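Listing of start.pdb; format and content: PDB, C-alpha atoms, pLDDT in the B column.
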```
ATOM      1  CA  MET A   1     119.225  10.728   8.413  1.00 41.00           C
ATOM      2  CA  ALA A   2     121.838   7.973   8.546  1.00 47.00           C
ATOM      3  CA  MET A   3     122.750   6.606  11.924  1.00 52.00           C
ATOM      4  CA  ARG A   4     126.221   7.294  13.197  1.00 64.00           C
ATOM      5  CA  GLU A   5     128.838   4.597  13.186  1.00 77.00           C
ATOM      6  CA  GLN A   6     128.853   2.344  16.242  1.00 85.00           C
ATOM      7  CA  THR A   7     132.272   1.761  17.769  1.00 91.00           C
ATOM      8  CA  ILE A   8     132.998  -1.256  19.965  1.00 95.00           C
ATOM      9  CA  LEU A   9     136.132  -1.349  22.103  1.00 96.00           C
ATOM     10  CA  VAL A  10     137.652  -4.774  22.843  1.00 97.00           C
ATOM     11  CA  VAL A  11     140.148  -4.866  25.725  1.00 97.00           C
ATOM     12  CA  SER A  12     142.114  -8.110  25.476  1.00 95.00           C
ATOM     13  CA  ASP A  13     145.715  -9.250  25.124  1.00 93.00           C
ATOM     14  CA  ASP A  14     144.696 -12.119  22.836  1.00 94.00           C
ATOM     15  CA  VAL A  15     145.434 -10.826  19.322  1.00 94.00           C
ATOM     16  CA  ALA A  16     143.697 -13.727  17.571  1.00 94.00           C
ATOM     17  CA  TRP A  17     140.558 -13.288  19.662  1.00 93.00           C
ATOM     18  CA  CYS A  18     140.473  -9.534  18.984  1.00 94.00           C
ATOM     19  CA  ALA A  19     140.634 -10.234  15.243  1.00 95.00           C
ATOM     20  CA  GLU A  20     137.864 -12.835  15.536  1.00 94.00           C
ATOM     21  CA  ALA A  21     135.642 -10.462  17.519  1.00 93.00           C
ATOM     22  CA  ARG A  22     136.227  -7.720  14.958  1.00 94.00           C
ATOM     23  CA  ARG A  23     135.271  -9.927  12.029  1.00 94.00           C
ATOM     24  CA  GLU A  24     132.131 -11.242  13.654  1.00 93.00           C
ATOM     25  CA  LEU A  25     130.787  -7.966  15.063  1.00 92.00           C
ATOM     26  CA  GLU A  26     131.511  -5.924  11.935  1.00 92.00           C
ATOM     27  CA  ALA A  27     129.933  -8.591   9.713  1.00 92.00           C
ATOM     28  CA  ARG A  28     126.643  -8.476  11.610  1.00 87.00           C
ATOM     29  CA  ALA A  29     125.708  -4.908  10.688  1.00 83.00           C
ATOM     30  CA  GLU A  30     126.819  -1.937   8.631  1.00 81.00           C
ATOM     31  CA  ARG A  31     128.421   1.162  10.105  1.00 81.00           C
ATOM     32  CA  ARG A  32     130.299  -0.663  12.821  1.00 89.00           C
ATOM     33  CA  ARG A  33     133.924  -0.390  13.785  1.00 92.00           C
ATOM     34  CA  VAL A  34     135.756  -2.545  16.307  1.00 94.00           C
ATOM     35  CA  SER A  35     138.890  -1.202  17.978  1.00 95.00           C
ATOM     36  CA  SER A  36     141.093  -3.341  20.217  1.00 95.00           C
ATOM     37  CA  VAL A  37     143.700  -2.560  22.875  1.00 96.00           C
ATOM     38  CA  HIS A  38     145.765  -4.764  25.166  1.00 93.00           C
ATOM     39  CA  THR A  39     145.488  -2.837  28.458  1.00 93.00           C
ATOM     40  CA  VAL A  40     142.960  -0.832  30.436  1.00 92.00           C
ATOM     41  CA  ASP A  41     145.379   2.116  30.369  1.00 90.00           C
ATOM     42  CA  ALA A  42     145.132   2.186  26.573  1.00 93.00           C
ATOM     43  CA  ALA A  43     141.358   1.793  26.735  1.00 93.00           C
ATOM     44  CA  ARG A  44     141.024   4.856  28.960  1.00 87.00           C
ATOM     45  CA  LYS A  45     143.023   6.977  26.506  1.00 89.00           C
ATOM     46  CA  ILE A  46     140.695   6.001  23.654  1.00 91.00           C
ATOM     47  CA  LEU A  47     137.546   6.561  25.710  1.00 86.00           C
ATOM     48  CA  GLU A  48     138.632  10.082  26.587  1.00 79.00           C
ATOM     49  CA  VAL A  49     138.425  11.114  22.932  1.00 82.00           C
ATOM     50  CA  THR A  50     136.209   8.545  21.167  1.00 84.00           C
ATOM     51  CA  PRO A  51     132.560   7.763  22.006  1.00 82.00           C
ATOM     52  CA  VAL A  52     131.905   4.018  22.017  1.00 87.00           C
ATOM     53  CA  ALA A  53     128.669   2.033  22.042  1.00 86.00           C
ATOM     54  CA  ALA A  54     129.945  -0.959  24.030  1.00 92.00           C
ATOM     55  CA  ILE A  55     133.084  -2.289  25.717  1.00 95.00           C
ATOM     56  CA  LEU A  56     134.194  -5.931  25.830  1.00 97.00           C
ATOM     57  CA  LEU A  57     136.733  -6.569  28.604  1.00 97.00           C
ATOM     58  CA  GLU A  58     138.774  -9.664  29.449  1.00 95.00           C
ATOM     59  CA  GLU A  59     139.485  -9.657  33.178  1.00 94.00           C
ATOM     60  CA  LYS A  60     142.996 -11.042  32.794  1.00 90.00           C
ATOM     61  CA  VAL A  61     144.288  -7.789  31.280  1.00 92.00           C
ATOM     62  CA  LEU A  62     144.018  -6.120  34.698  1.00 88.00           C
ATOM     63  CA  GLY A  63     147.388  -7.617  35.558  1.00 71.00           C
ATOM     64  CA  ALA A  64     149.001  -5.713  32.681  1.00 60.00           C
ATOM     65  CA  GLU A  65     148.500  -2.179  34.049  1.00 56.00           C
ATOM     66  CA  THR A  66     151.594  -0.002  33.717  1.00 51.00           C
ATOM     67  CA  ASN A  67     151.141   1.937  36.980  1.00 54.00           C
ATOM     68  CA  PRO A  68     148.952  -0.051  39.382  1.00 52.00           C
ATOM     69  CA  PRO A  69     148.389   1.609  42.792  1.00 49.00           C
ATOM     70  CA  LEU A  70     150.991   0.450  45.357  1.00 47.00           C
ATOM     71  CA  GLY A  71     152.166  -2.156  42.858  1.00 52.00           C
ATOM     72  CA  ARG A  72     148.987  -4.185  43.257  1.00 60.00           C
ATOM     73  CA  LYS A  73     146.646  -5.502  40.588  1.00 67.00           C
ATOM     74  CA  PRO A  74     143.709  -3.058  40.165  1.00 74.00           C
ATOM     75  CA  ARG A  75     140.392  -4.162  41.647  1.00 80.00           C
ATOM     76  CA  LEU A  76     137.938  -5.436  39.058  1.00 88.00           C
ATOM     77  CA  GLU A  77     135.067  -3.384  40.481  1.00 83.00           C
ATOM     78  CA  SER A  78     137.081  -0.170  40.324  1.00 78.00           C
ATOM     79  CA  VAL A  79     138.202  -0.732  36.718  1.00 87.00           C
ATOM     80  CA  VAL A  80     134.765  -1.762  35.477  1.00 88.00           C
ATOM     81  CA  SER A  81     133.107   1.164  37.296  1.00 80.00           C
ATOM     82  CA  THR A  82     135.347   3.582  35.418  1.00 79.00           C
ATOM     83  CA  LEU A  83     134.719   1.967  32.049  1.00 86.00           C
ATOM     84  CA  ALA A  84     130.959   1.784  32.656  1.00 83.00           C
ATOM     85  CA  GLY A  85     130.969   5.557  32.900  1.00 77.00           C
ATOM     86  CA  TYR A  86     131.564   5.625  29.146  1.00 80.00           C
ATOM     87  CA  ALA A  87     129.486   2.721  27.802  1.00 84.00           C
ATOM     88  CA  PRO A  88     127.927  -0.617  28.775  1.00 87.00           C
ATOM     89  CA  VAL A  89     130.620  -3.172  29.628  1.00 93.00           C
ATOM     90  CA  VAL A  90     130.595  -6.921  28.957  1.00 96.00           C
ATOM     91  CA  VAL A  91     133.182  -8.624  31.179  1.00 97.00           C
ATOM     92  CA  MET A  92     134.660 -12.072  30.633  1.00 96.00           C
ATOM     93  CA  GLY A  93     136.241 -13.320  33.852  1.00 94.00           C
ATOM     94  CA  ALA A  94     136.545 -15.927  36.563  1.00 93.00           C
ATOM     95  CA  ALA A  95     133.272 -17.075  38.110  1.00 94.00           C
ATOM     96  CA  GLU A  96     134.553 -16.345  41.623  1.00 93.00           C
ATOM     97  CA  HIS A  97     135.030 -12.671  40.770  1.00 92.00           C
ATOM     98  CA  GLN A  98     131.515 -12.040  39.486  1.00 93.00           C
ATOM     99  CA  ALA A  99     130.284 -10.879  42.893  1.00 91.00           C
ATOM    100  CA  GLU A 100     132.742  -7.956  42.759  1.00 88.00           C
ATOM    101  CA  VAL A 101     130.662  -6.251  40.067  1.00 88.00           C
ATOM    102  CA  ALA A 102     127.240  -7.441  41.258  1.00 87.00           C
ATOM    103  CA  ALA A 103     126.050  -3.878  41.946  1.00 79.00           C
ATOM    104  CA  LEU A 104     126.925  -2.766  38.426  1.00 81.00           C
ATOM    105  CA  VAL A 105     125.257  -5.835  36.913  1.00 87.00           C
ATOM    106  CA  ALA A 106     122.128  -5.150  38.984  1.00 80.00           C
ATOM    107  CA  ALA A 107     122.166  -1.550  37.759  1.00 75.00           C
ATOM    108  CA  GLY A 108     122.051  -2.782  34.185  1.00 79.00           C
ATOM    109  CA  VAL A 109     125.295  -1.205  32.972  1.00 82.00           C
ATOM    110  CA  VAL A 110     127.476  -4.332  33.075  1.00 90.00           C
ATOM    111  CA  ASP A 111     127.117  -7.940  31.889  1.00 95.00           C
ATOM    112  CA  TYR A 112     129.375 -10.648  33.314  1.00 96.00           C
ATOM    113  CA  VAL A 113     130.254 -13.897  31.549  1.00 96.00           C
ATOM    114  CA  ALA A 114     132.114 -16.536  33.572  1.00 95.00           C
ATOM    115  CA  HIS A 115     134.909 -18.421  31.829  1.00 91.00           C
ATOM    116  CA  GLY A 116     133.735 -21.634  30.179  1.00 86.00           C
ATOM    117  CA  CYS A 117     133.370 -23.378  26.861  1.00 78.00           C
ATOM    118  CA  SER A 118     130.807 -20.846  25.556  1.00 87.00           C
ATOM    119  CA  CYS A 119     132.228 -17.758  27.235  1.00 92.00           C
ATOM    120  CA  ARG A 120     133.323 -15.855  24.141  1.00 92.00           C
ATOM    121  CA  PRO A 121     130.257 -16.562  21.950  1.00 93.00           C
ATOM    122  CA  THR A 122     128.032 -15.552  24.871  1.00 95.00           C
ATOM    123  CA  ALA A 123     130.002 -12.352  25.389  1.00 95.00           C
ATOM    124  CA  LEU A 124     129.648 -11.441  21.713  1.00 95.00           C
ATOM    125  CA  GLU A 125     125.896 -12.028  21.885  1.00 95.00           C
ATOM    126  CA  LEU A 126     125.644  -9.715  24.898  1.00 95.00           C
ATOM    127  CA  VAL A 127     127.623  -7.032  23.063  1.00 94.00           C
ATOM    128  CA  GLU A 128     125.278  -7.474  20.110  1.00 92.00           C
ATOM    129  CA  LYS A 129     122.279  -7.042  22.421  1.00 91.00           C
ATOM    130  CA  ARG A 130     123.722  -3.817  23.834  1.00 89.00           C
ATOM    131  CA  LEU A 131     124.351  -2.468  20.333  1.00 88.00           C
ATOM    132  CA  ARG A 132     120.795  -3.249  19.232  1.00 85.00           C
ATOM    133  CA  GLN A 133     119.380  -1.532  22.304  1.00 80.00           C
ATOM    134  CA  ALA A 134     121.432   1.605  21.682  1.00 72.00           C
ATOM    135  CA  TYR A 135     120.574   1.642  17.977  1.00 69.00           C
ATOM    136  CA  SER A 136     116.844   1.104  18.527  1.00 67.00           C
ATOM    137  CA  ALA A 137     116.504   3.821  21.117  1.00 59.00           C
ATOM    138  CA  VAL A 138     118.192   6.483  19.000  1.00 56.00           C
ATOM    139  CA  ALA A 139     116.618   5.312  15.720  1.00 59.00           C
ATOM    140  CA  HIS A 140     113.143   5.530  17.235  1.00 54.00           C
ATOM    141  CA  THR A 141     113.702   9.093  18.384  1.00 54.00           C
ATOM    142  CA  ILE A 142     115.124  10.193  15.030  1.00 54.00           C
ATOM    143  CA  HIS A 143     112.282   8.530  13.119  1.00 56.00           C
ATOM    144  CA  GLU A 144     109.600  10.179  15.216  1.00 56.00           C
ATOM    145  CA  VAL A 145     111.191  13.605  14.957  1.00 53.00           C
ATOM    146  CA  LYS A 146     111.905  13.282  11.221  1.00 57.00           C
ATOM    147  CA  HIS A 147     108.339  12.267  10.361  1.00 57.00           C
ATOM    148  CA  GLY A 148     106.679  14.640  12.750  1.00 58.00           C
ATOM    149  CA  ASN A 149     104.991  11.901  14.756  1.00 57.00           C
ATOM    150  CA  GLY A 150     104.335  13.557  18.058  1.00 52.00           C
ATOM    151  CA  ASP A 151     106.254  16.117  20.028  1.00 55.00           C
ATOM    152  CA  ALA A 152     110.021  15.964  19.514  1.00 54.00           C
ATOM    153  CA  SER A 153     110.820  16.931  23.074  1.00 57.00           C
ATOM    154  CA  GLY A 154     108.422  14.290  24.325  1.00 58.00           C
ATOM    155  CA  GLU A 155     110.060  11.546  22.246  1.00 58.00           C
ATOM    156  CA  PHE A 156     113.504  12.651  23.350  1.00 59.00           C
ATOM    157  CA  GLY A 157     112.341  12.649  26.956  1.00 63.00           C
ATOM    158  CA  GLU A 158     110.982   9.120  26.624  1.00 61.00           C
ATOM    159  CA  VAL A 159     114.311   7.801  25.334  1.00 62.00           C
ATOM    160  CA  LEU A 160     116.147   9.601  28.114  1.00 65.00           C
ATOM    161  CA  ARG A 161     113.808   8.064  30.676  1.00 65.00           C
ATOM    162  CA  HIS A 162     114.437   4.595  29.277  1.00 61.00           C
ATOM    163  CA  GLU A 163     118.219   4.866  29.042  1.00 67.00           C
ATOM    164  CA  LEU A 164     118.722   6.663  32.365  1.00 73.00           C
ATOM    165  CA  ASN A 165     116.461   4.444  34.437  1.00 68.00           C
ATOM    166  CA  ASN A 166     118.991   1.640  35.034  1.00 62.00           C
ATOM    167  CA  PRO A 167     121.987   3.778  36.048  1.00 72.00           C
ATOM    168  CA  LEU A 168     119.713   5.945  38.206  1.00 74.00           C
ATOM    169  CA  THR A 169     118.409   2.827  39.949  1.00 70.00           C
ATOM    170  CA  GLY A 170     122.006   1.785  40.606  1.00 70.00           C
ATOM    171  CA  ILE A 171     122.909   5.188  42.021  1.00 78.00           C
ATOM    172  CA  LEU A 172     119.920   5.262  44.353  1.00 76.00           C
ATOM    173  CA  GLY A 173     120.390   1.641  45.443  1.00 71.00           C
ATOM    174  CA  ASN A 174     124.060   2.080  46.313  1.00 72.00           C
ATOM    175  CA  ALA A 175     123.431   5.416  48.024  1.00 79.00           C
ATOM    176  CA  GLU A 176     120.651   3.929  50.150  1.00 75.00           C
ATOM    177  CA  LEU A 177     122.786   0.939  51.178  1.00 73.00           C
ATOM    178  CA  LEU A 178     125.683   3.219  52.035  1.00 78.00           C
ATOM    179  CA  LEU A 179     123.457   5.571  54.037  1.00 78.00           C
ATOM    180  CA  ALA A 180     121.858   2.665  55.906  1.00 77.00           C
ATOM    181  CA  GLU A 181     125.309   1.351  56.874  1.00 76.00           C
ATOM    182  CA  VAL A 182     126.429   4.790  58.071  1.00 77.00           C
ATOM    183  CA  ARG A 183     123.303   5.150  60.207  1.00 79.00           C
ATOM    184  CA  ARG A 184     123.685   1.636  61.603  1.00 77.00           C
ATOM    185  CA  LYS A 185     127.264   2.154  62.721  1.00 77.00           C
ATOM    186  CA  SER A 186     126.702   5.747  63.841  1.00 76.00           C
ATOM    187  CA  ASP A 187     130.387   6.286  64.623  1.00 76.00           C
ATOM    188  CA  GLY A 188     131.211   8.995  62.083  1.00 70.00           C
ATOM    189  CA  ARG A 189     133.473   6.691  60.085  1.00 76.00           C
ATOM    190  CA  ILE A 190     133.180   5.528  56.502  1.00 74.00           C
ATOM    191  CA  PRO A 191     131.904   1.929  56.639  1.00 72.00           C
ATOM    192  CA  HIS A 192     133.768  -1.021  55.135  1.00 70.00           C
ATOM    193  CA  GLY A 193     133.203  -1.241  51.399  1.00 68.00           C
ATOM    194  CA  ALA A 194     132.100   2.389  51.118  1.00 76.00           C
ATOM    195  CA  GLN A 195     134.796   3.288  48.589  1.00 71.00           C
ATOM    196  CA  GLN A 196     133.515   0.594  46.243  1.00 70.00           C
ATOM    197  CA  ARG A 197     129.961   1.900  46.444  1.00 74.00           C
ATOM    198  CA  LEU A 198     131.084   5.508  45.973  1.00 78.00           C
ATOM    199  CA  GLU A 199     133.093   4.505  42.884  1.00 74.00           C
ATOM    200  CA  THR A 200     130.035   2.757  41.495  1.00 75.00           C
ATOM    201  CA  ILE A 201     127.853   5.810  42.168  1.00 80.00           C
ATOM    202  CA  ALA A 202     130.394   8.083  40.464  1.00 78.00           C
ATOM    203  CA  ALA A 203     130.699   5.801  37.423  1.00 74.00           C
ATOM    204  CA  LEU A 204     126.931   5.566  36.997  1.00 76.00           C
ATOM    205  CA  ALA A 205     126.577   9.340  37.288  1.00 80.00           C
ATOM    206  CA  VAL A 206     129.177   9.779  34.524  1.00 77.00           C
ATOM    207  CA  ARG A 207     127.285   7.203  32.461  1.00 73.00           C
ATOM    208  CA  MET A 208     124.109   9.278  32.763  1.00 78.00           C
ATOM    209  CA  ARG A 209     125.947  12.405  31.654  1.00 77.00           C
ATOM    210  CA  GLU A 210     127.451  10.583  28.650  1.00 75.00           C
ATOM    211  CA  THR A 211     124.044   9.203  27.691  1.00 75.00           C
ATOM    212  CA  VAL A 212     122.494  12.669  27.641  1.00 76.00           C
ATOM    213  CA  ARG A 213     125.428  13.999  25.601  1.00 75.00           C
ATOM    214  CA  ARG A 214     125.259  11.160  23.063  1.00 72.00           C
ATOM    215  CA  LEU A 215     121.522  11.366  22.528  1.00 71.00           C
ATOM    216  CA  SER A 216     121.667  15.136  22.239  1.00 72.00           C
ATOM    217  CA  GLN A 217     124.327  14.887  19.548  1.00 72.00           C
ATOM    218  CA  GLU A 218     122.305  12.313  17.605  1.00 67.00           C
ATOM    219  CA  LEU A 219     119.201  14.487  17.766  1.00 67.00           C
ATOM    220  CA  GLU A 220     121.040  17.631  16.722  1.00 68.00           C
ATOM    221  CA  ALA A 221     122.699  15.832  13.799  1.00 65.00           C
ATOM    222  CA  ARG A 222     119.406  14.825  12.155  1.00 59.00           C
TER     223      ARG A 222
END
```

Transcribe the structure of this file into structure tokens.
Amino acid sequence: MAMREQTILVVSDDVAWCAEARRELEARAERRRVSSVHTVDAARKILEVTPVAAILLEEKVLGAETNPPLGRKPRLESVVSTLAGYAPVVVMGAAEHQAEVAALVAAGVVDYVAHGCSCRPTALELVEKRLRQAYSAVAHTIHEVKHGNGDASGEFGEVLRHELNNPLTGILGNAELLLAEVRRKSDGRIPHGAQQRLETIAALAVRMRETVRRLSQELEAR
């Protein structure tokens, strides 16, 4: 069975860079398609209807939102949490903002590349790594099922275990930190920073659901 096409979504307002990323990523392997948008608003609309294998985000586009809450620039952590619910995200941004998505990076669903002379090549390599991981996991399952090597449900379960382990670790880690803070304060109020952690937990839970859906579709399509 042929593997499905891998779609990569580039979110950047640099037209020349989007074209360069498209040429390089599509040239590296067959059955790849790179789509590009200039705002996070546009990215969300695509993600609602199109499954993607990876997302490449330039932090500077956050200032181009059409309806930011209270007229303020959206928080990086909030935006990336939402996108990570659909696919792994590689972020290119300022070094001083990396800590904002540290929980998502630790959970294994986000990569962060600080601006510098090798920022864009590094980001493309990280996207490539994410694509290879996704391809290998699904290809292994399909191969085993197609050739009758072992129990199909067992192979599918092994891939699920591998792909769900990182987001599950992130969910548990953030939940435990949040619970510890609530117990420490013991005043019945939501502790400072709780909204960020809850958004991360929600995004990772969505990511797990999307992973199960994607792998199920690949298995059924064999």

Task: One-decimal distance in Å that lies between atom CA of A:Val113 and atom CA of A:Ala29 - done: 23.2 Å

Name every residue that the PyMOL selection byres ((chain A and resi 114-126) around 9) selects in this structure, writing the answer as a tab-separated table (two decimals) with C-alpha atoms, in the coordinates of the input with chains first and numbers rising.
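Produced file result-v9.tsv, reproduced below:
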```tsv
chain	number	residue	atom	x	y	z
A	17	TRP	CA	140.56	-13.29	19.66
A	21	ALA	CA	135.64	-10.46	17.52
A	24	GLU	CA	132.13	-11.24	13.65
A	25	LEU	CA	130.79	-7.97	15.06
A	56	LEU	CA	134.19	-5.93	25.83
A	90	VAL	CA	130.60	-6.92	28.96
A	91	VAL	CA	133.18	-8.62	31.18
A	92	MET	CA	134.66	-12.07	30.63
A	93	GLY	CA	136.24	-13.32	33.85
A	94	ALA	CA	136.54	-15.93	36.56
A	95	ALA	CA	133.27	-17.08	38.11
A	96	GLU	CA	134.55	-16.34	41.62
A	97	HIS	CA	135.03	-12.67	40.77
A	98	GLN	CA	131.51	-12.04	39.49
A	111	ASP	CA	127.12	-7.94	31.89
A	112	TYR	CA	129.38	-10.65	33.31
A	113	VAL	CA	130.25	-13.90	31.55
A	127	VAL	CA	127.62	-7.03	23.06
A	128	GLU	CA	125.28	-7.47	20.11
A	129	LYS	CA	122.28	-7.04	22.42
A	130	ARG	CA	123.72	-3.82	23.83
A	131	LEU	CA	124.35	-2.47	20.33
```

Open item on the list: Please list as a VMD selection string every residue within 9 Å of A:Ile190, counting all atoms listed in the file and excluding residues in the same chain fewer than 5 positions away.
Closed with: chain A and resid 181 to 182 195

Open item on the list: My list of candidates is A:Ala27, A:Val52, A:Val40, A:Ala175. Which is closest to A:Ser78 when distances are computed with all atoms listed in the file?
Closed with: A:Val40

Task: Interatomic distance (Å, one decimal) between atom CA of A:Val61 and atom CA of A:Glu210 - done: 25.1 Å

Please put the answer as JSON: centre and edge lengths, in Å with one decimal, of a box along x, y and z that encloses all listed atoms of stretch 9-20 of chain A plus 8 Å on each side.
```
{"center_x": 140.9, "center_y": -7.5, "center_z": 20.5, "size_x": 25.6, "size_y": 28.4, "size_z": 26.5}
```

Task: Atom-to-atom span, atom CA of A:Val34 and atom CA of A:Val10, Å - done: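 These two atoms are separated by 7.2 Å.
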
TODO: Would you mind listing what lies within 9 Å of A:Val80 as a VMD selection string, with only C-alpha atoms counted and same-chain residues fewer than 6 positions away left out?
DONE: chain A and resid 57 89 91 101 104 110 200 203

TODO: Evaluate the PyMOL selection byres ((chain A and resi 6) around 8) here and jot the selected residues down as JSON, numbers by chain.
DONE: {"A": [4, 5, 7, 8, 31, 32, 33, 52, 53, 131]}

- [ ] Taking the file as shown, find all residues satisfying the PyMOL selection byres ((chain A and resi 106) around 10) and write them as a list in words.
- [x] Val101, Ala102, Ala103, Leu104, Val105, Ala107, Gly108, Val109, Val110, Asp111, Asn166, Pro167, Thr169, Gly170 and Gly173 of chain A

- [ ] Could you give me, as a PyMOL selection string, the residues within 12 Å of stretch 44-46 of chain A, counting only C-alpha atoms and dropping anything in the same chain fewer than 6 positions from it?
- [x] chain A and resi 7-11+35-38+52+55+65+79-80+82-87
